[in-house]
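One structure below.
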Amino acid sequence: MGKRSRLRKKEHQNNSKPGGRDNRDNAGWGAGYADIIKENKLFEAYYRELGLVPEGEFDQFMEAMREPLPATIRITGYKSHAKEILHCLKNKYFKEIQEVEIDGQKIEAPQPLSWYPDELAWHTNMSRKILRKSPLLEKFHQFLVSETESGNISRQEAVSMIPPLLMKIEPHHKILDLCAAPGSKTAQLIEMLHSDMDVPFPEGFVIANDVDNKRCYLLVHQAKRLNSPCIMVVNHDASCIPRLQIDTENGQKGTLFYDRVLCDVPCSGDGTMRKNIDVWKKWTTSNSLHLHGLQIRIAVRGVEQLAVGGRMVYSTCSLNPIEDEAVIATLLEKSEGALELADASVDLPGLKWMPGVTKWKLMTKEGQWYKDWSEVPANRHTQIRPTMFPPTDTEKLANMKLERCMRILPHHQNTGAHISDGMQLHPVKEQSSSSVPQPEDSPVGTPLPETPLEDGERDGGKEAGEDSVCVYSDSVLCSRPPPNKKMKRHGFKEDPFVFLTEDDPVFPPIESFYDLSPDFPKINVLTRTHEGKKRHLYMVSKELRNVMLNNSERMKVINTGVKVWSRNSDGEEFGCAFRLAQEGIYTLFPYIRSRMITVSVEDIKILLTQENPYLSKLEEDAHQQAKKIGMGSIVLKYQPDNSNPDGPQCPIELCGWRGKTSIRAFVPRNERFHYLRMLGVEVFREKQGQGPREEEEVKDEVKEGETENGNKDVSTKQELRGENQGDEHLKGDEREGGGEILTSP
C-alpha cells in the first residue's frame, strides 16, 4: 500500500471516530474544521512596540481581531429601486430576525453604518457562517443571495466601502481602478457615476484593471450586475499599466488623464485576520518588506495618470506603516511639491479613525529592530530600503502632514478589519510633456527602490524585465517604460469588440420597429464578431468608445458594454430580428417611442408569476394596449401611483414578448424575485433538490383546467410561435422565466 493510500485510510478511520468529520458536520455552530489557534507572538510584539493602538486599548484590539467578522451589506445606491429595497429590509426582514436566538445567542437587530450616506449600508452581529447555515435565517439568506445576484445588494466588508466614498465621485469623472478585483469597490464607483438614473450615459467612466486574468472574470461578474455602459475591465500589471490616447475636442490626439484613481494595492493583509484566519499562521514582518517596492511602483503609476486637480485614494488592509505611511511619504518627497495629502477628516461624519503616524521602525522576522537606514547592515540592503523609514528631515516630515492618513482599528466600531484609507493626493502642478514617457536619453533622477519580491508576491507574477524605471522631471513623478516590445496576451482569447457604423444594415429594421428617437447614438453600438450574423448588440458611452478606438493595441480589454439586443431566430417575420435585453433596458428606454405597454401592480404580479399568461389575464387598460401591438418584443412599463403608498414608488421597466394571444416577461429569475418583493409578494424556495415552498399557497392563480403557466391545452408551437426562438443562448432559468418560483401575497 502506497503512502497516499495509507494516509487516506487513516483519515477515513479518524473521520469515523467520535469527533470525526461525520460527527463534526452534525455538530453545533462552533463546529467545523479544526480551529486555527489565533495567536501570533511576533505580530503582538511588533504592534505593541510600534504603539499604533492607543494606550490601554491593545488588549481590546487583540480581542476584536480574534472575533468573527460581522456581516455587512450595502444597498446599491444608483439604482432607482434602492429606497424600495431599504423599505423591504427595514419593515420585513430585519423585524423577523431581530428576536431570533441561535445557540443561546440573540441576533441583534441590524444597524445602519452611521458614516455611510442615506442608511444604505447595514451591519449585524451575525457571522457569515451562521447566516448561511441557520434554518431560522434561511429566508433572509435567500433574500441576500437573490438581491446580490440581481445587483441590488452587495455583501461587502464595512471598511472596504470607505475608499470609494473618499474619492468624491461625480458623474463626469474619468476613473481608474488599478487593482480592482474582486470588484466590490468598483461597483461603488459605478453606482456613483449613475447617481442620476435619468441620464443613461454619464460623461464619466470606470476603467477597472487587474493583473490576474482569472480574477478579471470575477470582476466582470461583479460589474455586469450593475448593467452600466460606462465600465471597462482590462488586464494589465498595475505598476506599468499603459498610458492611453484619446481624441480631444480640437480633433487632435491627447493623453488620457483620470480625474480619480483608486489605488487599493496588494498588501500583507494583516488587517483581515478576522476573516482570513490563515494570516494568523503566516504573518511575519517580511511580508511587508517584500511588498513595499511593488506598492510604491503601483502608486507611482497611479499618480502619473492622474489629472491636475484630481484625487487618488491609496488604501491597504494592513496595519504596517511600511505599507502605508512609508509609501505615501515616498510619493510626497519625490514629487517635490507637486502632490499634497488632502484632509478628509470631515468627509465621513460618524466614522472613528486614528490619524496617520509620523514615527515608526522596522523589524526583521528574526526580531532585529532598525530605527533608520543608517543602522541597516549592507547584507540587508536588498531586503530593506531607505524608503521604508520615515523622513529624517523634521521640517519636511511636518509639511507632509502624514497625520491626515486615516487608520481604522477593528475594536473602535467593530469593523471587519483595519484598512488604511484616505490617503488622497492632489496634483498641484501642471503635468508637462516631460511626464509622458520619454526616450531612453531622458534625464534620470533617483530611482525608486526595486525591492526583490518572493515568488508569487508580485502583483500577480509580473514577467521579468517588465518593471518600469522611475524618473523624476519637472517635479512630477513619471516613469520610463521598458523597451518597446509586443504586449504578451495571457489568459483566454477574447472575442473582438467591433463598433457598428451608422449606416450598418442592422439598424433600419430596429429603428422602425421600436421607433427609436433621432438622437439614439448608433455609433456607440458594438458587437463581438467581425463575420457572420450578429447574435448580440452592446452599447458603451461615447467616452469609452473614444478610449477603445484609440487604444486597441495598447490594452487588453476583457469586457465592456451592456447588452441591449439579442437576435431572435425568426424575428424578421414580426418586423425585427432583435429582441430587447433586460440588462440594457434602462440604457435603451429613453430612446424607445413605441411597443410600450403601461401595466399595473396586479399586471406585473401576473407576468412574473405565470410564464405565458393570456392577454385577457391583464387588467382592462393593459389588455387594450396589448391588443393594438403586433407580435414581438415589447417594453412593460410601470409608473408609481402616488395615491397608492403601498405600491412601488419607483418606475419599473421590464422586457417582454407579445405573442399571438399571450404575453410574457423576459426577466431573469433573480430579477423576478426582486420585483415581486417590491410588490409585497413573498418569495421563498427550499434548498436545492427539495423544490420550492410557499407560506400560503395562492391557488386561485392557476384555474382548473389550465397549466401552471396560465394557458389551457394549447400547443406551444401554435400559440407562442417565435416567442422562445432565438433564446438558445439563455440559461434555463432565464428561458423559462423562473417558472419554479411560488409566491404568496
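Going through the C-alpha cells in order, the chains are called A, B, and so on, while each chain numbers its residues from 1 and the ligands are numbered from 1 in the order shown.
The protein and nucleic acid residues lying at most 10 Å from His141 in chain A are Tyr93, Arg128, Ile130, Leu131, Arg132, Lys133, Ser134, Pro135 and Glu147 of chain A, with only C-alpha atoms considered and sequence neighbours fewer than 6 positions away removed.
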### Query
Tell me, which residues of range 632-684 of chain A carry DSSP alpha helix (DSSP H), written as a list of chain:residue names?
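Selection result, alpha helix (DSSP H) within range 632-684 of chain A: A:Arg669, A:Asn670, A:Glu671, A:Arg672, A:Phe673, A:His674, A:Tyr675, A:Leu676, A:Arg677, A:Met678.
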### Message
If we count only C-alpha atoms and set the cut-off at 8 Å, which residues sit around range 267-276 of chain A, ignoring sequence neighbours fewer than 4 positions away in its own chain? Please answer as an NGL selection string.
### Response
:A and (65-69 or 280 or 283 or 287-288 or 291 or 295 or 316-319 or 323 or 416-419)
Selection export as a PDB file, in the first residue's frame, atoms kept: C-alpha atoms:
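Output saved as result_22.pdb:
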```pdb
ATOM      1  CA  MET A  65      -9.031  40.665  15.973  1.00  0.00           C
ATOM      2  CA  ARG A  66      -9.942  37.201  17.290  1.00  0.00           C
ATOM      3  CA  GLU A  67     -13.698  37.728  16.983  1.00  0.00           C
ATOM      4  CA  PRO A  68     -15.616  36.597  13.842  1.00  0.00           C
ATOM      5  CA  LEU A  69     -16.225  39.209  11.190  1.00  0.00           C
ATOM      6  CA  TRP A 280      -2.519  34.188  11.947  1.00  0.00           C
ATOM      7  CA  TRP A 283       2.176  36.556   9.228  1.00  0.00           C
ATOM      8  CA  ASN A 287       5.631  40.176   4.132  1.00  0.00           C
ATOM      9  CA  SER A 288       5.580  43.968   4.265  1.00  0.00           C
ATOM     10  CA  LEU A 291       5.583  44.206  -0.927  1.00  0.00           C
ATOM     11  CA  GLN A 295       3.212  49.173  -3.653  1.00  0.00           C
ATOM     12  CA  THR A 316      -4.456  48.788   2.090  1.00  0.00           C
ATOM     13  CA  CYS A 317      -5.862  46.285   4.560  1.00  0.00           C
ATOM     14  CA  SER A 318      -2.609  46.307   6.505  1.00  0.00           C
ATOM     15  CA  LEU A 319      -1.672  47.945   9.794  1.00  0.00           C
ATOM     16  CA  GLU A 323       2.917  49.600   3.532  1.00  0.00           C
ATOM     17  CA  GLY A 416     -14.332  43.728   9.843  1.00  0.00           C
ATOM     18  CA  ALA A 417     -10.674  44.658   9.814  1.00  0.00           C
ATOM     19  CA  HIS A 418      -8.262  47.560   9.765  1.00  0.00           C
ATOM     20  CA  ILE A 419      -7.803  49.286   6.462  1.00  0.00           C
TER      21      ILE A 419
END
```
### Message
Residues within 8 Å of Lys617 in chain A, please, as a ChimeraX atom specification. Count only C-alpha atoms; anything in the same chain fewer than 4 positions from it doesn't count.
### Response
/A:603,606,613,623
Let me see the file: selected residues, N, CA and C atoms, as a PDB file, in the first residue's frame.
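The resulting file, selection-v1.pdb, is shown below:
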```
ATOM      1  N   ASP A 603     -50.875  43.555 -12.834  1.00  0.00           N
ATOM      2  CA  ASP A 603     -50.366  43.038 -14.105  1.00  0.00           C
ATOM      3  C   ASP A 603     -48.962  42.464 -13.933  1.00  0.00           C
ATOM      4  N   ILE A 606     -48.976  39.096 -12.282  1.00  0.00           N
ATOM      5  CA  ILE A 606     -49.360  38.044 -13.230  1.00  0.00           C
ATOM      6  C   ILE A 606     -48.180  37.683 -14.132  1.00  0.00           C
ATOM      7  N   PRO A 613     -49.053  33.982 -19.595  1.00  0.00           N
ATOM      8  CA  PRO A 613     -50.487  34.190 -19.372  1.00  0.00           C
ATOM      9  C   PRO A 613     -51.167  34.754 -20.620  1.00  0.00           C
ATOM     10  N   HIS A 623     -54.684  45.372 -21.240  1.00  0.00           N
ATOM     11  CA  HIS A 623     -55.190  44.448 -22.259  1.00  0.00           C
ATOM     12  C   HIS A 623     -55.473  45.188 -23.568  1.00  0.00           C
TER      13      HIS A 623
END
```
Could you pull out the residues in range 492-667 of chain A that DSSP calls strand (DSSP E or B) from the backbone, as a PDB file with N, CA and C atoms, in the first residue's frame?
```pdb
ATOM      1  N   VAL A 498     -16.294  45.146 -31.934  1.00  0.00           N
ATOM      2  CA  VAL A 498     -16.449  45.750 -33.253  1.00  0.00           C
ATOM      3  C   VAL A 498     -17.582  46.771 -33.203  1.00  0.00           C
ATOM      4  N   PHE A 499     -17.248  48.043 -33.387  1.00  0.00           N
ATOM      5  CA  PHE A 499     -18.266  49.085 -33.404  1.00  0.00           C
ATOM      6  C   PHE A 499     -18.955  49.119 -34.772  1.00  0.00           C
ATOM      7  N   VAL A 525     -22.919  51.538 -30.526  1.00  0.00           N
ATOM      8  CA  VAL A 525     -23.336  50.130 -30.523  1.00  0.00           C
ATOM      9  C   VAL A 525     -22.178  49.281 -31.043  1.00  0.00           C
ATOM     10  N   LEU A 526     -21.923  48.174 -30.371  1.00  0.00           N
ATOM     11  CA  LEU A 526     -20.857  47.273 -30.812  1.00  0.00           C
ATOM     12  C   LEU A 526     -21.333  45.839 -30.756  1.00  0.00           C
ATOM     13  N   THR A 527     -20.583  44.971 -31.408  1.00  0.00           N
ATOM     14  CA  THR A 527     -20.844  43.535 -31.374  1.00  0.00           C
ATOM     15  C   THR A 527     -19.527  42.829 -31.124  1.00  0.00           C
ATOM     16  N   HIS A 536     -25.610  39.342 -30.549  1.00  0.00           N
ATOM     17  CA  HIS A 536     -25.968  40.307 -29.513  1.00  0.00           C
ATOM     18  C   HIS A 536     -25.416  41.670 -29.889  1.00  0.00           C
ATOM     19  N   LEU A 537     -26.104  42.699 -29.475  1.00  0.00           N
ATOM     20  CA  LEU A 537     -25.636  44.067 -29.658  1.00  0.00           C
ATOM     21  C   LEU A 537     -25.457  44.703 -28.288  1.00  0.00           C
ATOM     22  N   TYR A 538     -24.350  45.409 -28.109  1.00  0.00           N
ATOM     23  CA  TYR A 538     -23.998  46.033 -26.836  1.00  0.00           C
ATOM     24  C   TYR A 538     -23.844  47.533 -27.034  1.00  0.00           C
ATOM     25  N   MET A 539     -23.901  48.273 -25.940  1.00  0.00           N
ATOM     26  CA  MET A 539     -23.689  49.714 -26.006  1.00  0.00           C
ATOM     27  C   MET A 539     -22.688  50.159 -24.951  1.00  0.00           C
ATOM     28  N   VAL A 557      -8.533  44.336 -23.349  1.00  0.00           N
ATOM     29  CA  VAL A 557      -9.881  44.528 -22.811  1.00  0.00           C
ATOM     30  C   VAL A 557     -10.517  43.161 -22.562  1.00  0.00           C
ATOM     31  N   ILE A 558     -10.977  42.957 -21.350  1.00  0.00           N
ATOM     32  CA  ILE A 558     -11.660  41.701 -21.015  1.00  0.00           C
ATOM     33  C   ILE A 558     -13.151  41.822 -21.288  1.00  0.00           C
ATOM     34  N   ASN A 559     -13.740  42.950 -20.933  1.00  0.00           N
ATOM     35  CA  ASN A 559     -15.179  43.104 -21.136  1.00  0.00           C
ATOM     36  C   ASN A 559     -15.567  44.570 -21.054  1.00  0.00           C
ATOM     37  N   THR A 560     -16.578  44.937 -21.807  1.00  0.00           N
ATOM     38  CA  THR A 560     -17.151  46.268 -21.714  1.00  0.00           C
ATOM     39  C   THR A 560     -18.531  46.263 -22.337  1.00  0.00           C
ATOM     40  N   VAL A 562     -22.949  47.096 -22.206  1.00  0.00           N
ATOM     41  CA  VAL A 562     -24.129  46.429 -21.660  1.00  0.00           C
ATOM     42  C   VAL A 562     -24.965  45.915 -22.829  1.00  0.00           C
ATOM     43  N   LYS A 563     -25.443  44.690 -22.702  1.00  0.00           N
ATOM     44  CA  LYS A 563     -26.218  44.075 -23.785  1.00  0.00           C
ATOM     45  C   LYS A 563     -27.586  44.738 -23.886  1.00  0.00           C
ATOM     46  N   VAL A 564     -27.942  45.179 -25.098  1.00  0.00           N
ATOM     47  CA  VAL A 564     -29.219  45.868 -25.293  1.00  0.00           C
ATOM     48  C   VAL A 564     -30.175  45.098 -26.206  1.00  0.00           C
ATOM     49  N   TRP A 565     -29.651  44.306 -27.153  1.00  0.00           N
ATOM     50  CA  TRP A 565     -30.500  43.500 -28.022  1.00  0.00           C
ATOM     51  C   TRP A 565     -29.897  42.117 -28.210  1.00  0.00           C
ATOM     52  N   SER A 566     -30.759  41.116 -28.378  1.00  0.00           N
ATOM     53  CA  SER A 566     -30.339  39.759 -28.708  1.00  0.00           C
ATOM     54  C   SER A 566     -31.113  39.282 -29.928  1.00  0.00           C
ATOM     55  N   ARG A 567     -30.437  38.545 -30.787  1.00  0.00           N
ATOM     56  CA  ARG A 567     -31.077  38.068 -32.014  1.00  0.00           C
ATOM     57  C   ARG A 567     -32.158  37.046 -31.708  1.00  0.00           C
ATOM     58  N   PHE A 578     -34.213  41.414 -33.737  1.00  0.00           N
ATOM     59  CA  PHE A 578     -33.602  41.568 -32.419  1.00  0.00           C
ATOM     60  C   PHE A 578     -34.653  41.913 -31.372  1.00  0.00           C
ATOM     61  N   ARG A 579     -34.610  41.150 -30.262  1.00  0.00           N
ATOM     62  CA  ARG A 579     -35.485  41.452 -29.136  1.00  0.00           C
ATOM     63  C   ARG A 579     -34.701  42.227 -28.088  1.00  0.00           C
ATOM     64  N   LEU A 580     -35.421  42.960 -27.262  1.00  0.00           N
ATOM     65  CA  LEU A 580     -34.805  43.744 -26.197  1.00  0.00           C
ATOM     66  C   LEU A 580     -34.222  42.831 -25.118  1.00  0.00           C
ATOM     67  N   MET A 596     -44.686  49.940 -26.220  1.00  0.00           N
ATOM     68  CA  MET A 596     -44.701  50.025 -24.761  1.00  0.00           C
ATOM     69  C   MET A 596     -46.115  49.806 -24.245  1.00  0.00           C
ATOM     70  N   ILE A 597     -46.203  49.045 -23.177  1.00  0.00           N
ATOM     71  CA  ILE A 597     -47.483  48.790 -22.519  1.00  0.00           C
ATOM     72  C   ILE A 597     -47.358  49.249 -21.066  1.00  0.00           C
ATOM     73  N   THR A 598     -48.231  50.156 -20.654  1.00  0.00           N
ATOM     74  CA  THR A 598     -48.247  50.604 -19.265  1.00  0.00           C
ATOM     75  C   THR A 598     -49.038  49.598 -18.440  1.00  0.00           C
ATOM     76  N   TYR A 614     -52.447  34.468 -20.743  1.00  0.00           N
ATOM     77  CA  TYR A 614     -53.235  35.059 -21.825  1.00  0.00           C
ATOM     78  C   TYR A 614     -53.297  36.572 -21.669  1.00  0.00           C
ATOM     79  N   GLY A 632     -44.105  40.340 -31.038  1.00  0.00           N
ATOM     80  CA  GLY A 632     -42.692  40.671 -30.961  1.00  0.00           C
ATOM     81  C   GLY A 632     -42.304  41.246 -29.609  1.00  0.00           C
ATOM     82  N   SER A 633     -41.094  41.765 -29.535  1.00  0.00           N
ATOM     83  CA  SER A 633     -40.535  42.286 -28.299  1.00  0.00           C
ATOM     84  C   SER A 633     -41.243  43.575 -27.877  1.00  0.00           C
ATOM     85  N   ILE A 634     -41.457  43.726 -26.562  1.00  0.00           N
ATOM     86  CA  ILE A 634     -42.169  44.888 -26.036  1.00  0.00           C
ATOM     87  C   ILE A 634     -41.503  45.371 -24.752  1.00  0.00           C
ATOM     88  N   VAL A 635     -41.894  46.574 -24.319  1.00  0.00           N
ATOM     89  CA  VAL A 635     -41.489  47.110 -23.019  1.00  0.00           C
ATOM     90  C   VAL A 635     -42.727  47.186 -22.137  1.00  0.00           C
ATOM     91  N   LEU A 636     -42.621  46.628 -20.932  1.00  0.00           N
ATOM     92  CA  LEU A 636     -43.696  46.689 -19.939  1.00  0.00           C
ATOM     93  C   LEU A 636     -43.313  47.756 -18.922  1.00  0.00           C
ATOM     94  N   LYS A 637     -44.098  48.818 -18.865  1.00  0.00           N
ATOM     95  CA  LYS A 637     -43.723  49.997 -18.080  1.00  0.00           C
ATOM     96  C   LYS A 637     -44.702  50.212 -16.934  1.00  0.00           C
ATOM     97  N   TYR A 638     -44.127  50.400 -15.742  1.00  0.00           N
ATOM     98  CA  TYR A 638     -44.945  50.728 -14.565  1.00  0.00           C
ATOM     99  C   TYR A 638     -44.545  52.109 -14.066  1.00  0.00           C
ATOM    100  N   ILE A 652     -40.672  51.107 -13.075  1.00  0.00           N
ATOM    101  CA  ILE A 652     -40.158  49.777 -13.415  1.00  0.00           C
ATOM    102  C   ILE A 652     -40.299  49.586 -14.915  1.00  0.00           C
ATOM    103  N   GLU A 653     -39.236  49.139 -15.569  1.00  0.00           N
ATOM    104  CA  GLU A 653     -39.294  48.791 -16.989  1.00  0.00           C
ATOM    105  C   GLU A 653     -38.839  47.354 -17.160  1.00  0.00           C
ATOM    106  N   LEU A 654     -39.682  46.536 -17.769  1.00  0.00           N
ATOM    107  CA  LEU A 654     -39.371  45.129 -17.997  1.00  0.00           C
ATOM    108  C   LEU A 654     -39.442  44.817 -19.488  1.00  0.00           C
ATOM    109  N   CYS A 655     -38.579  43.923 -19.940  1.00  0.00           N
ATOM    110  CA  CYS A 655     -38.663  43.440 -21.313  1.00  0.00           C
ATOM    111  C   CYS A 655     -39.691  42.321 -21.378  1.00  0.00           C
ATOM    112  N   GLY A 656     -40.452  42.287 -22.454  1.00  0.00           N
ATOM    113  CA  GLY A 656     -41.457  41.246 -22.603  1.00  0.00           C
ATOM    114  C   GLY A 656     -41.603  40.818 -24.043  1.00  0.00           C
ATOM    115  N   TRP A 657     -42.546  39.901 -24.268  1.00  0.00           N
ATOM    116  CA  TRP A 657     -42.840  39.406 -25.615  1.00  0.00           C
ATOM    117  C   TRP A 657     -44.351  39.309 -25.782  1.00  0.00           C
ATOM    118  N   ARG A 658     -44.851  39.912 -26.823  1.00  0.00           N
ATOM    119  CA  ARG A 658     -46.275  39.852 -27.139  1.00  0.00           C
ATOM    120  C   ARG A 658     -46.487  38.721 -28.127  1.00  0.00           C
ATOM    121  N   SER A 662     -51.044  35.605 -26.097  1.00  0.00           N
ATOM    122  CA  SER A 662     -50.466  35.599 -24.751  1.00  0.00           C
ATOM    123  C   SER A 662     -49.346  36.618 -24.667  1.00  0.00           C
ATOM    124  N   ILE A 663     -48.812  36.743 -23.480  1.00  0.00           N
ATOM    125  CA  ILE A 663     -47.755  37.725 -23.220  1.00  0.00           C
ATOM    126  C   ILE A 663     -46.837  37.145 -22.155  1.00  0.00           C
ATOM    127  N   ARG A 664     -45.574  37.539 -22.183  1.00  0.00           N
ATOM    128  CA  ARG A 664     -44.645  37.039 -21.169  1.00  0.00           C
ATOM    129  C   ARG A 664     -43.599  38.096 -20.867  1.00  0.00           C
ATOM    130  N   ALA A 665     -42.957  37.957 -19.704  1.00  0.00           N
ATOM    131  CA  ALA A 665     -41.857  38.846 -19.316  1.00  0.00           C
ATOM    132  C   ALA A 665     -40.541  38.115 -19.525  1.00  0.00           C
TER     133      ALA A 665
END
```
### Near-Ile85 in chain A list (8 Å; only C-alpha atoms; drop same-chain fewer than 2 positions) as a PyMOL selection string
chain A and resi 75+81-83+87-89+152+678
### Message
Between CA of Lys628 in chain A and CA of Thr587 in chain A, what distance in Å does the model show, to one decimal?
### Response
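Between these atoms lies a distance of 25.4 Å.
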## Note on the structure
Judged by only C-alpha atoms, the minimum distance to Ile153 in chain A among A:Thr415, A:Asn235, A:Asn670, A:Ser335 is found for A:Asn670
#### Entry: Residues within 9 Å of Leu618 in chain A, only C-alpha atoms, excluding chain neighbours under 6 positions, as a PyMOL selection string
chain A and resi 599-600+602-604+606-607
### Message
Show me, as a ChimeraX atom specification, the residues that have an atom within 12 Å of Ile384 in chain A when counting only C-alpha atoms, minus same-chain residues fewer than 5 positions from it.
### Response
/A:285-293,322,361-364,369-379,389,449-453
### Message
With distances taken over only C-alpha atoms, which residue among A:Glu39, A:Glu119, A:Glu149, A:Glu583 lies nearest His674 in chain A?
### Response
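Looking at the shortest contact to His674 in chain A, the residue is A:Glu149.
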Residues of range 251-298 of chain A at most 10 Å from range 168-175 of chain A: nearest atom pair and distance in Å, only C-alpha atoms, as a tab-separated table:
```
residue	atom	partner	partner_atom	distance
A:Leu256	CA	A:Lys174	CA	9.0
A:Phe257	CA	A:Lys174	CA	8.0
A:Tyr258	CA	A:Lys174	CA	5.1
A:Asp259	CA	A:Lys174	CA	5.3
A:Arg260	CA	A:Ile175	CA	4.8
A:Val261	CA	A:Ile175	CA	5.7
A:Leu262	CA	A:Ile175	CA	7.8
```
### Task
State, in Å with one decimal place, the distance from CA of Gly647 in chain A to CA of Pro668 in chain A.
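We find that CA of Gly647 in chain A and CA of Pro668 in chain A lie 21.9 Å from each other.
You can rank A:Gly350, A:Pro645, A:Gly367, A:Pro496 by their closest distance to Glu553 in chain A using only C-alpha atoms, and at the top of that list sits A:Pro496.
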### Task
For each of A:Asn91, A:Asn209, A:Ser643, A:Thr255, take the minimum atom-to-atom distance to Ile298 in chain A, counting only C-alpha atoms, then give the residue where this is smallest.
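Comparing A:Asn91, A:Asn209, A:Ser643, A:Thr255 against Ile298 in chain A, the winner is A:Asn209.
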### Query
Using only C-alpha atoms, which of A:Lys660, A:Arg243, A:Lys365, A:Arg595 sits nearest Gln305 in chain A?
A:Arg243
